[in-house]
Number of protein chains: 2
Amino acid sequence: MSDQPPKNSRLRDAVRTQAEILDVATREFAERGYAGARVDEIAALTRTTKRMIYYYFGGKEQLYIKVLERAYTGIREAEQAVDVTGLDPAEAIRHLAELTFDHHTEHADFIRLVSIENIHRAEHLAKSETLAKAGTPVIDLISGILARGREQGVFRDDADAVDVHMMISSFAVFPVANQHTFGTLFGRDPLDPGRRAHYRRMVGDMVVAYLRTGS
Amino acid sequence: MSDQPPKNSRLRDAVRTQAEILDVATREFAERGYAGARVDEIAALTRTTKRMIYYYFGGKEQLYIKVLERAYTGIREAEQAVDVTGLDPAEAIRHLAELTFDHHTEHADFIRLVSIENIHRAEHLAKSETLAKAGTPVIDLISGILARGREQGVFRDDADAVDVHMMISSFAVFPVANQHTFGTLFGRDPLDPGRRAHYRRMVGDMVVAYLRTGS
DNA sequence: CGGCTAATGTACGAACTGGTTCGTTAGTAG
DNA sequence: CTACTAACGAACCAGTTCGTACATTAGCCG
């Protein structure tokens, strides 16, 4: 039971305070956007004060960048955990598509942050040292699957890994990113839990069908 | 040469002033989001003053709603202009998909406004009387195409019009909505003019392939 | 041409907001 | 136990931002 934190009950705990600020900030930025988020509000929802935000992060923008970095870490890890060994190409790409779909629908905050970051033309993402050019493992994974599919003659030969990833991402992101406008305009909530399994199957069907059609 | 506007040279022209405000506001809101947009900035980019924005529109929020309404009018009209008579079901749905793709890639401001509106959970869209429940013509169009396809036995029979519309919209919206994050992370600009024809063909292939696969 | 109203411009203010200044306290090294 | 530093809190400040009060003018109608 020798807990590694010898001073777990500290009132002053830098790591904990920073983590709490990041948690609250993630929610606030995802909720209201960069300009809409209020530093005072983030501070108020924390057990600490605004002073600490500036003490640990330097400012609103740096805090936002840290939030972005932490959010992207989530998918990176999910992507690296994907294992398609033992699956034939079609099963493999379907599996990846479904996992991507599941991850996105379960991480609305992340998708919202990405939307927000695009409104700002990814200027903060570009400023991040960790994210700007961190290799993306999915592309390699997809490349491998596509190669196998081509070899076996079951996939079209003009399919590109990045393009396929975009196709999958499109359908995985849309329900979350456009939930509200789509929902009010068409009277159907794309995130309705009752339709989730249906849409998961749909992404898979879509990619596999696309890849199987002639080059 | 008898110009129809008898008072074209008026210094005071209500209609013109309002239209100019809306044009500038559309750009400003699409560029910086609702919270990020500055009423003073919109006024400065106009030939009139901030006073007029409040005189004609009432406030920042009402102006934003008008901007939204005008932006949505664009697709509504484009959708109603679509004509698929004489095309077989596969050709018809491909045509619609390509038109949707073209429209979205050519109207980045609109897509950005939609993204922004989703960040705000479509609260402004809901407040709009003209938009909240304006029937969307595409759905009927797609329904018709799907029905014909089913009758001819060339389309799967479990495809739903709204779902198919979502599939097409996903792929048409993504390159515009996520251009910058996707571009920096994968080193490929999804709106690169050189790849546009390729992606247009890809949406078509995707939907048709999906619809042709077994139920 | 006189007067009436829509249209317009200027200046201002109250509230907000990111960021800072100054001072305090908990925890720890020696 | 003492001294030193990381961690922290409260109040404050300067610049912004939406919105408005007040004064003014263009253009039309009779």
# chains A, B, ... in the order shown; residues from 1 in each chain; ligands from 1
>>> interface_residues(of="chain A", to="chain B", cutoff="7 Å", atoms="only C-alpha atoms", output="JSON, numbers by chain")
{"A": [31, 32, 35, 36, 112, 115, 118, 119, 121, 122, 132, 133, 167, 170, 171, 174, 177, 178, 180, 181, 184, 185, 205, 206, 209, 210, 213]}
>>> closest_atom_pairs(of="chain D", to="chain B", cutoff="12 Å", atoms="only C-alpha atoms (C1' of nucleotides)", output="Markdown table")
| residue | atom | partner | partner_atom | distance |
| --- | --- | --- | --- | --- |
| D:DT16 | C1' | B:Arg38 | CA | 10.3 |
| D:DT17 | C1' | B:Arg38 | CA | 7.7 |
| D:DC18 | C1' | B:Val39 | CA | 7.6 |
| D:DG19 | C1' | B:Gly59 | CA | 8.1 |
| D:DT20 | C1' | B:Arg51 | CA | 9.0 |
| D:DA21 | C1' | B:Arg51 | CA | 11.4 |
| D:DT25 | C1' | B:Arg12 | CA | 10.2 |
| D:DA26 | C1' | B:Arg12 | CA | 7.1 |
| D:DG27 | C1' | B:Arg12 | CA | 8.7 |
>>> write_last_selection(atoms="N, CA and C atoms (P, O5', C5', C4', C3', O3' and C1' of nucleotides)", output="PDB file, in the first residue's frame")
ATOM      1  P    DT D  16      -6.837  48.387 -26.889  1.00  0.00           P
ATOM      2  O5'  DT D  16      -8.253  47.666 -26.880  1.00  0.00           O
ATOM      3  C5'  DT D  16      -8.528  46.932 -25.781  1.00  0.00           C
ATOM      4  C4'  DT D  16      -9.727  46.073 -25.803  1.00  0.00           C
ATOM      5  C3'  DT D  16     -10.706  46.152 -26.957  1.00  0.00           C
ATOM      6  O3'  DT D  16     -11.247  44.853 -27.115  1.00  0.00           O
ATOM      7  C1'  DT D  16     -11.795  46.845 -24.973  1.00  0.00           C
ATOM      8  P    DT D  17     -11.935  44.404 -28.499  1.00  0.00           P
ATOM      9  O5'  DT D  17     -13.479  44.545 -28.135  1.00  0.00           O
ATOM     10  C5'  DT D  17     -13.996  43.876 -26.996  1.00  0.00           C
ATOM     11  C4'  DT D  17     -15.464  44.183 -26.834  1.00  0.00           C
ATOM     12  C3'  DT D  17     -16.165  44.627 -28.124  1.00  0.00           C
ATOM     13  O3'  DT D  17     -17.407  43.967 -28.222  1.00  0.00           O
ATOM     14  C1'  DT D  17     -16.515  46.223 -26.432  1.00  0.00           C
ATOM     15  P    DC D  18     -18.224  43.985 -29.637  1.00  0.00           P
ATOM     16  O5'  DC D  18     -19.691  44.183 -29.077  1.00  0.00           O
ATOM     17  C5'  DC D  18     -20.164  43.333 -28.026  1.00  0.00           C
ATOM     18  C4'  DC D  18     -21.215  44.075 -27.215  1.00  0.00           C
ATOM     19  C3'  DC D  18     -22.414  44.549 -28.024  1.00  0.00           C
ATOM     20  O3'  DC D  18     -23.614  44.183 -27.337  1.00  0.00           O
ATOM     21  C1'  DC D  18     -21.421  46.385 -26.857  1.00  0.00           C
ATOM     22  P    DG D  19     -25.031  44.276 -28.068  1.00  0.00           P
ATOM     23  O5'  DG D  19     -25.468  45.752 -27.648  1.00  0.00           O
ATOM     24  C5'  DG D  19     -25.561  46.036 -26.244  1.00  0.00           C
ATOM     25  C4'  DG D  19     -25.683  47.521 -26.026  1.00  0.00           C
ATOM     26  C3'  DG D  19     -26.765  48.213 -26.859  1.00  0.00           C
ATOM     27  O3'  DG D  19     -27.749  48.715 -25.973  1.00  0.00           O
ATOM     28  C1'  DG D  19     -24.761  49.486 -26.785  1.00  0.00           C
ATOM     29  P    DT D  20     -29.033  49.486 -26.541  1.00  0.00           P
ATOM     30  O5'  DT D  20     -28.648  51.006 -26.233  1.00  0.00           O
ATOM     31  C5'  DT D  20     -28.117  51.341 -24.966  1.00  0.00           C
ATOM     32  C4'  DT D  20     -27.906  52.846 -24.872  1.00  0.00           C
ATOM     33  C3'  DT D  20     -29.036  53.692 -25.469  1.00  0.00           C
ATOM     34  O3'  DT D  20     -29.222  54.820 -24.630  1.00  0.00           O
ATOM     35  C1'  DT D  20     -26.998  54.270 -26.496  1.00  0.00           C
ATOM     36  P    DA D  21     -30.674  55.550 -24.638  1.00  0.00           P
ATOM     37  O5'  DA D  21     -30.264  57.011 -24.169  1.00  0.00           O
ATOM     38  C5'  DA D  21     -28.984  57.249 -23.573  1.00  0.00           C
ATOM     39  C4'  DA D  21     -28.542  58.673 -23.866  1.00  0.00           C
ATOM     40  C3'  DA D  21     -29.673  59.629 -24.252  1.00  0.00           C
ATOM     41  O3'  DA D  21     -29.364  60.929 -23.771  1.00  0.00           O
ATOM     42  C1'  DA D  21     -28.180  59.412 -26.071  1.00  0.00           C
ATOM     43  P    DT D  25     -26.429  69.596 -40.054  1.00  0.00           P
ATOM     44  O5'  DT D  25     -26.749  68.688 -41.318  1.00  0.00           O
ATOM     45  C5'  DT D  25     -26.155  67.395 -41.428  1.00  0.00           C
ATOM     46  C4'  DT D  25     -27.004  66.534 -42.324  1.00  0.00           C
ATOM     47  C3'  DT D  25     -27.647  67.270 -43.503  1.00  0.00           C
ATOM     48  O3'  DT D  25     -27.483  66.469 -44.653  1.00  0.00           O
ATOM     49  C1'  DT D  25     -29.270  66.034 -42.380  1.00  0.00           C
ATOM     50  P    DA D  26     -27.262  67.111 -46.091  1.00  0.00           P
ATOM     51  O5'  DA D  26     -27.971  66.046 -47.032  1.00  0.00           O
ATOM     52  C5'  DA D  26     -27.643  64.675 -46.880  1.00  0.00           C
ATOM     53  C4'  DA D  26     -28.859  63.819 -47.196  1.00  0.00           C
ATOM     54  C3'  DA D  26     -29.549  64.157 -48.518  1.00  0.00           C
ATOM     55  O3'  DA D  26     -29.782  62.942 -49.211  1.00  0.00           O
ATOM     56  C1'  DA D  26     -31.129  64.215 -46.744  1.00  0.00           C
ATOM     57  P    DG D  27     -30.044  62.906 -50.745  1.00  0.00           P
ATOM     58  O5'  DG D  27     -31.630  62.759 -50.805  1.00  0.00           O
ATOM     59  C5'  DG D  27     -32.221  61.584 -50.266  1.00  0.00           C
ATOM     60  C4'  DG D  27     -33.698  61.813 -50.044  1.00  0.00           C
ATOM     61  C3'  DG D  27     -34.445  62.337 -51.283  1.00  0.00           C
ATOM     62  O3'  DG D  27     -35.565  61.500 -51.482  1.00  0.00           O
ATOM     63  C1'  DG D  27     -35.023  63.574 -49.381  1.00  0.00           C
TER      64       DG D  27
END
>>> closest_atom_pairs(of="chain C", to="chain A", cutoff="10 Å", atoms="only C-alpha atoms (C1' of nucleotides)", output="tab-separated table")
residue	atom	partner	partner_atom	distance
C:DT17	C1'	A:Arg38	CA	7.7
C:DG18	C1'	A:Val39	CA	7.5
C:DG19	C1'	A:Gly59	CA	7.9
C:DT20	C1'	A:Arg51	CA	9.0
C:DA26	C1'	A:Arg12	CA	7.1
C:DG27	C1'	A:Arg12	CA	8.6
>>> write_last_selection(atoms="C-alpha atoms (C1' of nucleotides)", output="PDB file, in the first residue's frame")
ATOM      1  C1'  DT C  17     -11.724  41.017 -19.549  1.00  0.00           C
ATOM      2  C1'  DG C  18      -6.973  39.645 -19.940  1.00  0.00           C
ATOM      3  C1'  DG C  19      -3.172  40.377 -17.376  1.00  0.00           C
ATOM      4  C1'  DT C  20      -0.406  42.187 -13.302  1.00  0.00           C
ATOM      5  C1'  DA C  26       2.904  25.998   3.102  1.00  0.00           C
ATOM      6  C1'  DG C  27       6.450  22.882   2.809  1.00  0.00           C
TER       7       DG C  27
END
>>> select_by_dssp(residues="region 11-211 of chain B", states="helix (DSSP H, G or I)", output="NGL selection string")
:B and (14-36 or 39-44 or 50-56 or 60-80 or 89-106 or 108-119 or 123-127 or 137-151 or 161-177 or 179-186 or 193-211)
>>> calpha_fit_rmsd(fixed="chain A", moving="chain B")
0.5 Å
>>> closest_residue(among="A:Gly153, A:Val138, A:Phe57, A:Arg201", to="Ser215 (chain A)", atoms="only C-alpha atoms")
A:Gly153
>>> atom_distance(atom1="CA of Asp140 (chain A)", atom2="CA of Ala161 (chain A)")
7.8 Å
>>> residues_around(residues="DA10 (chain D)", least_positions_apart="3", cutoff="10 Å", atoms="only C-alpha atoms (C1' of nucleotides)", output="tab-separated table (two decimals) with C-alpha atoms (C1' of nucleotides), in the first residue's frame")
chain	number	residue	atom	x	y	z
A	49	THR	CA	-7.45	31.46	-8.75
A	51	ARG	CA	-3.33	34.04	-10.72
C	22	DC	C1'	1.91	43.04	-4.12
C	23	DG	C1'	1.90	40.47	-0.38
>>> residues_around(residues="region 72-75 of chain A", least_positions_apart="5", cutoff="9 Å", atoms="only C-alpha atoms (C1' of nucleotides)", output="list in words")
Val67, Gln80, Thr100, His103, His104, Phe110 and Leu131 of chain A
>>> residues_around(residues="Lys66 (chain B)", least_positions_apart="4", cutoff="9 Å", atoms="only C-alpha atoms (C1' of nucleotides)", output="list in words")
Leu22, Phe57, Glu61, Gln62, Arg70, Ala71 and Ser128 of chain B
>>> residues_around(residues="DC29 (chain D)", least_positions_apart="2", cutoff="12 Å", atoms="only C-alpha atoms (C1' of nucleotides)", output="PyMOL selection string")
(chain C and resi 1-5) or (chain D and resi 27)
>>> decode(residues="chain C", atoms="N, CA and C atoms (P, O5', C5', C4', C3', O3' and C1' of nucleotides)", output="tab-separated table (two decimals), in the first residue's frame")
chain	number	residue	atom	x	y	z
C	1	DC	P	-37.69	78.41	-53.46
C	1	DC	O5'	-38.63	78.12	-52.25
C	1	DC	C5'	-39.91	78.75	-52.12
C	1	DC	C4'	-40.66	78.02	-51.02
C	1	DC	C3'	-39.76	77.60	-49.85
C	1	DC	O3'	-40.54	77.69	-48.68
C	1	DC	C1'	-40.81	75.71	-50.69
C	2	DG	P	-39.99	78.47	-47.40
C	2	DG	O5'	-40.89	77.81	-46.27
C	2	DG	C5'	-42.29	77.61	-46.52
C	2	DG	C4'	-42.76	76.38	-45.78
C	2	DG	C3'	-42.00	76.08	-44.49
C	2	DG	O3'	-42.93	75.62	-43.52
C	2	DG	C1'	-41.82	74.22	-45.93
C	3	DG	P	-42.58	75.54	-42.01
C	3	DG	O5'	-42.92	74.02	-41.70
C	3	DG	C5'	-44.09	73.42	-42.25
C	3	DG	C4'	-43.92	71.92	-42.35
C	3	DG	C3'	-43.29	71.28	-41.09
C	3	DG	O3'	-43.94	70.04	-40.88
C	3	DG	C1'	-42.07	70.65	-42.96
C	4	DC	P	-44.44	69.62	-39.44
C	4	DC	O5'	-44.52	68.03	-39.59
C	4	DC	C5'	-44.99	67.47	-40.84
C	4	DC	C4'	-44.13	66.28	-41.22
C	4	DC	C3'	-43.55	65.50	-40.04
C	4	DC	O3'	-43.92	64.14	-40.17
C	4	DC	C1'	-41.88	65.94	-41.67
C	5	DT	P	-43.75	63.13	-38.92
C	5	DT	O5'	-42.82	61.99	-39.53
C	5	DT	C5'	-43.10	61.49	-40.83
C	5	DT	C4'	-41.84	60.86	-41.39
C	5	DT	C3'	-41.12	59.92	-40.42
C	5	DT	O3'	-40.68	58.78	-41.16
C	5	DT	C1'	-39.61	61.50	-41.24
C	6	DA	P	-40.42	57.39	-40.39
C	6	DA	O5'	-39.30	56.72	-41.33
C	6	DA	C5'	-39.42	56.84	-42.74
C	6	DA	C4'	-38.05	57.01	-43.34
C	6	DA	C3'	-37.03	55.97	-42.89
C	6	DA	O3'	-36.29	55.53	-44.02
C	6	DA	C1'	-36.21	58.14	-42.38
C	7	DA	P	-35.18	54.41	-43.90
C	7	DA	O5'	-33.87	55.29	-43.66
C	7	DA	C5'	-33.49	56.23	-44.65
C	7	DA	C4'	-32.26	56.97	-44.20
C	7	DA	C3'	-31.12	56.07	-43.69
C	7	DA	O3'	-29.96	56.39	-44.43
C	7	DA	C1'	-31.52	57.88	-42.20
C	8	DT	P	-28.62	55.49	-44.25
C	8	DT	O5'	-27.77	56.43	-43.28
C	8	DT	C5'	-27.63	57.80	-43.62
C	8	DT	C4'	-26.98	58.57	-42.50
C	8	DT	C3'	-25.81	57.85	-41.82
C	8	DT	O3'	-24.63	58.58	-42.09
C	8	DT	C1'	-27.16	59.01	-40.27
C	9	DG	P	-23.21	57.93	-41.90
C	9	DG	O5'	-22.61	58.93	-40.81
C	9	DG	C5'	-22.87	60.32	-40.94
C	9	DG	C4'	-22.37	61.06	-39.72
C	9	DG	C3'	-21.15	60.43	-39.05
C	9	DG	O3'	-20.24	61.47	-38.70
C	9	DG	C1'	-22.93	60.61	-37.48
C	10	DT	P	-18.88	61.11	-37.97
C	10	DT	O5'	-19.20	61.56	-36.47
C	10	DT	C5'	-19.94	62.74	-36.22
C	10	DT	C4'	-19.86	63.09	-34.75
C	10	DT	C3'	-18.59	62.64	-34.05
C	10	DT	O3'	-18.16	63.64	-33.14
C	10	DT	C1'	-20.47	61.65	-32.99
C	11	DA	P	-16.79	63.49	-32.36
C	11	DA	O5'	-17.29	63.26	-30.87
C	11	DA	C5'	-18.47	63.93	-30.41
C	11	DA	C4'	-18.98	63.24	-29.17
C	11	DA	C3'	-17.86	62.77	-28.23
C	11	DA	O3'	-18.06	63.36	-26.95
C	11	DA	C1'	-19.40	61.01	-28.66
C	12	DC	P	-17.03	63.05	-25.75
C	12	DC	O5'	-17.89	62.04	-24.86
C	12	DC	C5'	-19.31	62.16	-24.88
C	12	DC	C4'	-19.93	60.92	-24.27
C	12	DC	C3'	-19.13	60.32	-23.12
C	12	DC	O3'	-19.96	60.25	-21.99
C	12	DC	C1'	-19.79	58.64	-24.66
C	13	DG	P	-19.32	60.12	-20.51
C	13	DG	O5'	-19.99	58.80	-19.95
C	13	DG	C5'	-21.35	58.50	-20.27
C	13	DG	C4'	-21.61	57.03	-20.03
C	13	DG	C3'	-20.76	56.44	-18.91
C	13	DG	O3'	-21.53	55.48	-18.23
C	13	DG	C1'	-20.38	55.23	-20.87
C	14	DA	P	-21.68	55.53	-16.68
C	14	DA	O5'	-22.31	54.10	-16.37
C	14	DA	C5'	-23.27	53.53	-17.27
C	14	DA	C4'	-22.95	52.08	-17.48
C	14	DA	C3'	-22.34	51.38	-16.27
C	14	DA	O3'	-22.97	50.12	-16.13
C	14	DA	C1'	-20.93	51.09	-18.16
C	15	DA	P	-22.71	49.18	-14.90
C	15	DA	O5'	-22.15	47.86	-15.60
C	15	DA	C5'	-22.75	47.43	-16.82
C	15	DA	C4'	-21.81	46.47	-17.51
C	15	DA	C3'	-21.14	45.47	-16.57
C	15	DA	O3'	-21.34	44.17	-17.09
C	15	DA	C1'	-19.51	46.56	-17.91
C	16	DC	P	-20.82	42.91	-16.31
C	16	DC	O5'	-19.60	42.48	-17.24
C	16	DC	C5'	-19.75	42.62	-18.65
C	16	DC	C4'	-18.43	42.50	-19.34
C	16	DC	C3'	-17.55	41.32	-18.89
C	16	DC	O3'	-17.16	40.65	-20.06
C	16	DC	C1'	-16.28	43.31	-18.97
C	17	DT	P	-16.69	39.11	-20.00
C	17	DT	O5'	-15.14	39.27	-20.26
C	17	DT	C5'	-14.65	40.21	-21.19
C	17	DT	C4'	-13.14	40.18	-21.20
C	17	DT	C3'	-12.53	39.00	-20.45
C	17	DT	O3'	-11.42	38.52	-21.16
C	17	DT	C1'	-11.72	41.02	-19.55
C	18	DG	P	-10.85	37.01	-20.87
C	18	DG	O5'	-9.30	37.25	-21.09
C	18	DG	C5'	-8.86	37.90	-22.27
C	18	DG	C4'	-7.60	38.68	-22.00
C	18	DG	C3'	-6.45	37.85	-21.41
C	18	DG	O3'	-5.24	38.20	-22.07
C	18	DG	C1'	-6.97	39.65	-19.94
C	19	DG	P	-3.90	37.38	-21.75
C	19	DG	O5'	-3.27	38.26	-20.59
C	19	DG	C5'	-3.01	39.64	-20.86
C	19	DG	C4'	-2.55	40.34	-19.60
C	19	DG	C3'	-1.46	39.61	-18.80
C	19	DG	O3'	-0.36	40.49	-18.64
C	19	DG	C1'	-3.17	40.38	-17.38
C	20	DT	P	0.96	40.01	-17.84
C	20	DT	O5'	0.90	40.96	-16.55
C	20	DT	C5'	0.45	42.29	-16.69
C	20	DT	C4'	0.45	42.98	-15.33
C	20	DT	C3'	1.62	42.59	-14.43
C	20	DT	O3'	2.06	43.76	-13.75
C	20	DT	C1'	-0.41	42.19	-13.30
C	21	DT	P	3.52	43.77	-13.07
C	21	DT	O5'	3.27	44.77	-11.85
C	21	DT	C5'	2.02	45.40	-11.68
C	21	DT	C4'	1.73	45.57	-10.20
C	21	DT	C3'	2.93	45.32	-9.28
C	21	DT	O3'	2.93	46.28	-8.24
C	21	DT	C1'	1.18	43.86	-8.69
C	22	DC	P	4.26	46.41	-7.30
C	22	DC	O5'	3.69	45.97	-5.90
C	22	DC	C5'	2.33	46.23	-5.57
C	22	DC	C4'	1.92	45.35	-4.42
C	22	DC	C3'	3.07	44.99	-3.46
C	22	DC	O3'	2.69	45.30	-2.13
C	22	DC	C1'	1.91	43.04	-4.12
C	23	DG	P	3.73	45.22	-0.96
C	23	DG	O5'	3.12	44.06	-0.07
C	23	DG	C5'	1.69	43.99	0.09
C	23	DG	C4'	1.28	42.57	0.39
C	23	DG	C3'	2.07	41.87	1.51
C	23	DG	O3'	1.16	41.36	2.46
C	23	DG	C1'	1.90	40.47	-0.38
C	24	DT	P	1.72	40.72	3.84
C	24	DT	O5'	1.28	39.21	3.71
C	24	DT	C5'	-0.03	38.89	3.27
C	24	DT	C4'	-0.16	37.39	3.11
C	24	DT	C3'	0.45	36.58	4.26
C	24	DT	O3'	-0.50	35.63	4.69
C	24	DT	C1'	1.22	35.77	2.16
C	25	DT	P	-0.29	34.85	6.09
C	25	DT	O5'	-0.05	33.36	5.59
C	25	DT	C5'	-0.95	32.79	4.64
C	25	DT	C4'	-0.36	31.53	4.09
C	25	DT	C3'	0.24	30.59	5.14
C	25	DT	O3'	-0.13	29.27	4.81
C	25	DT	C1'	1.79	30.96	3.43
C	26	DA	P	-0.39	28.20	5.94
C	26	DA	O5'	0.12	26.85	5.23
C	26	DA	C5'	-0.46	26.49	3.98
C	26	DA	C4'	0.57	25.75	3.15
C	26	DA	C3'	1.19	24.54	3.84
C	26	DA	O3'	1.21	23.46	2.91
C	26	DA	C1'	2.90	26.00	3.10
C	27	DG	P	1.33	21.99	3.40
C	27	DG	O5'	2.85	21.69	3.09
C	27	DG	C5'	3.27	21.68	1.73
C	27	DG	C4'	4.77	21.81	1.65
C	27	DG	C3'	5.55	20.73	2.41
C	27	DG	O3'	6.40	20.10	1.48
C	27	DG	C1'	6.45	22.88	2.81
C	28	DT	P	7.09	18.70	1.85
C	28	DT	O5'	8.62	19.07	1.71
C	28	DT	C5'	9.03	20.04	0.72
C	28	DT	C4'	10.39	20.60	1.07
C	28	DT	C3'	11.33	19.60	1.76
C	28	DT	O3'	12.63	19.78	1.24
C	28	DT	C1'	11.20	21.55	3.03
C	29	DA	P	13.48	18.48	0.86
C	29	DA	O5'	14.93	19.12	0.68
C	29	DA	C5'	15.05	20.41	0.08
C	29	DA	C4'	16.12	21.23	0.77
C	29	DA	C3'	17.32	20.43	1.27
C	29	DA	O3'	18.49	21.20	1.06
C	29	DA	C1'	16.33	21.54	3.10
C	30	DG	P	19.90	20.53	1.22
C	30	DG	O5'	20.51	21.22	2.51
C	30	DG	C5'	20.24	22.58	2.79
C	30	DG	C4'	20.67	22.90	4.21
C	30	DG	C3'	21.78	22.00	4.75
C	30	DG	O3'	22.73	22.77	5.47
C	30	DG	C1'	19.97	21.96	6.23
